[in-house]
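Asks: Have a look at this one.
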Amino acid sequence: MPLKIIRQDITKIKCDAIVNPSNERLLPGGGTDAAIHKAAGEKLLEACKKLGGINIGEAKLTSAYKLPCKYVIHTAGPIWQGGSYNERSLLEACYKNALTLAKEKKCKSVAFPLISSGVYGYPKEQVMKIAMGVIGDFLFENEMLVYLVVFDKTSYAISEKLFADVTSFIGDTYFENDFGALLFNSLGPDDLAFGCGRAPENIEKDRRKDFAEPIDAEARVPLASPAPAAYSASAPKKSANLEEMLRKMDKGFAETLFDYIDAKGFTDVECYKRANVDKKTFSKIKCNKNYKPSKVTAVSFAIALHLNLAETNHLLNTVGMSLSHSNKFDVIIEYFIVSGNYETIFDVNETLYQFDQVTLGV
């Protein structure tokens, strides 16, 4: 099962278990802890008192009472003291121990908040990275649906440099055509908080230069290429036998995907885990050579396999799709493919979430 970043009140999520960022005494504190106790009712506090407290990084479990889940997993996160007091390993332990406890209770789904990112002062960006790293490693070995819950968009932010790089790339790419310029102007002040980094007149000069010079398939290039002469309205028509054309059809999505999996040296399990795709969906693809995935699913596999731009569009073309410079999601995906500025699909999802785009995975 995949990892999903969602914007929601954790007390309203219907799943097997939610994680409560508590304290060593397991008494109601502030923020998420207080909200969970309020929603669960007084019996949750009575159950917590019987647990005898908890060490930082540990996890203990109670019933959920009035909450719409089965269990509450309580963990005590570290207080941020600058990063030199073992905070990272303690925070990692919170996520690891909570996941282990959920697995022991045979939970199929669990929801986590950003532990220690509130009054404990742990930098939200670092908490997000740590959480996704630990959860990602766990999901590579286990089947579970994990939600990483943020209360609102300001709960965390990607680095200013990455935000600026992506925003600049979006601006540069959208300005490659007049329609794109209009779309770029719709980004809004929040999206442009760090600026594009280049003046519009310079972008236009570079745009002309890009189209004047030979295209490098591995570099950032316009994705919309001129129609081949054979399909041009002015090109002479050639007679074609439909049956012959159908016999020579290219491979479909499933066959092409498995060709890439073999070529890149991954196992099937490694592929669908890296793609943040559940086993059930992958089995459907494997058993049905005519399977037609959504664009998000196809792109998820492209990112998982570290396909280059040409390979990604080849995979998408098998189901009649491609990356477009008139779509912000597509441009962000192109940025990561071209720059290689990611290790896992979760790094890409952080940025997609920050720009209000659908995240990768199923």
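Naming scheme: A, B, ... for chains in displayed order of the structure tokens; residues 1 onward per chain; ligands 1 onward as shown.
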Report as a count of residues only all protein, DNA and RNA residues lying within 12 Å of segment 137-139 of chain A, evaluated on only C-alpha atoms, omitting residues in the same chain fewer than 5 positions from it.
Replies: 35
Asks: Looking at A:Val149, A:Ala310, A:Leu67, A:Met128, which one is nearest to Gln8 of chain A, with distances taken over only C-alpha atoms?
Replies: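 The answer is A:Val149, which sits nearest to Gln8 of chain A.
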Asks: Please give the complete set of residues from segment 61-92 of chain A that DSSP, run on the backbone, assigns to strand (DSSP E), formatted as an MDAnalysis selection string.
Replies: chainID A and resid 61:63 69:76
Asks: Pick the closest to Ile18 of chain A from A:Ile333, A:Leu44, A:Lys70, A:Glu255: which is it, counting only C-alpha atoms?
Replies: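 Closest candidate: A:Lys70.
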Asks: Using only C-alpha atoms, determine which residues lie at most 10 Å from Asp347 of chain A, disregarding the query and same-chain residues fewer than 3 positions distant; provide the list as a list in words.
Replies: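 Close residues of Asp347 of chain A: Met128, Lys129, Met132, Gly133, Ile158, Phe336, Asn341, Tyr342, Glu343, Thr344, Glu350, Thr351 and Leu352 of chain A.
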Asks: Taking N, CA and C atoms for each residue, export the selection above as an mmCIF file, in the first residue's frame.
Replies:
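Final output, result.cif:
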```cif
data_model
loop_
_atom_site.group_PDB
_atom_site.id
_atom_site.type_symbol
_atom_site.label_atom_id
_atom_site.label_comp_id
_atom_site.auth_asym_id
_atom_site.auth_seq_id
_atom_site.Cartn_x
_atom_site.Cartn_y
_atom_site.Cartn_z
ATOM 1 N N MET A 128 9.127 16.350 7.917
ATOM 2 C CA MET A 128 8.551 15.750 6.717
ATOM 3 C C MET A 128 9.535 14.789 6.066
ATOM 4 N N LYS A 129 10.785 15.204 5.925
ATOM 5 C CA LYS A 129 11.814 14.368 5.302
ATOM 6 C C LYS A 129 12.021 13.077 6.104
ATOM 7 N N MET A 132 8.842 10.714 5.887
ATOM 8 C CA MET A 132 8.701 10.034 4.601
ATOM 9 C C MET A 132 9.818 9.024 4.389
ATOM 10 N N GLY A 133 11.009 9.311 4.910
ATOM 11 C CA GLY A 133 12.106 8.357 4.797
ATOM 12 C C GLY A 133 11.830 7.078 5.564
ATOM 13 N N ILE A 158 8.635 23.060 1.448
ATOM 14 C CA ILE A 158 9.888 22.584 0.877
ATOM 15 C C ILE A 158 10.908 23.710 0.974
ATOM 16 N N PHE A 336 11.802 17.493 -12.447
ATOM 17 C CA PHE A 336 12.495 16.453 -11.692
ATOM 18 C C PHE A 336 13.165 15.434 -12.611
ATOM 19 N N ASN A 341 16.745 15.777 -9.560
ATOM 20 C CA ASN A 341 16.848 16.336 -8.211
ATOM 21 C C ASN A 341 15.921 15.616 -7.225
ATOM 22 N N TYR A 342 16.061 14.304 -7.140
ATOM 23 C CA TYR A 342 15.248 13.532 -6.196
ATOM 24 C C TYR A 342 15.869 12.158 -6.008
ATOM 25 N N GLU A 343 15.576 11.550 -4.869
ATOM 26 C CA GLU A 343 16.025 10.189 -4.602
ATOM 27 C C GLU A 343 14.862 9.205 -4.687
ATOM 28 N N THR A 344 13.722 9.623 -4.154
ATOM 29 C CA THR A 344 12.547 8.760 -4.175
ATOM 30 C C THR A 344 11.338 9.542 -4.674
ATOM 31 N N GLU A 350 6.454 15.780 -2.286
ATOM 32 C CA GLU A 350 6.536 16.969 -1.430
ATOM 33 C C GLU A 350 6.298 18.230 -2.237
ATOM 34 N N THR A 351 6.981 18.303 -3.369
ATOM 35 C CA THR A 351 6.878 19.508 -4.203
ATOM 36 C C THR A 351 5.516 19.591 -4.879
ATOM 37 N N LEU A 352 5.008 18.481 -5.385
ATOM 38 C CA LEU A 352 3.682 18.486 -6.000
ATOM 39 C C LEU A 352 2.640 18.973 -4.999
#
```
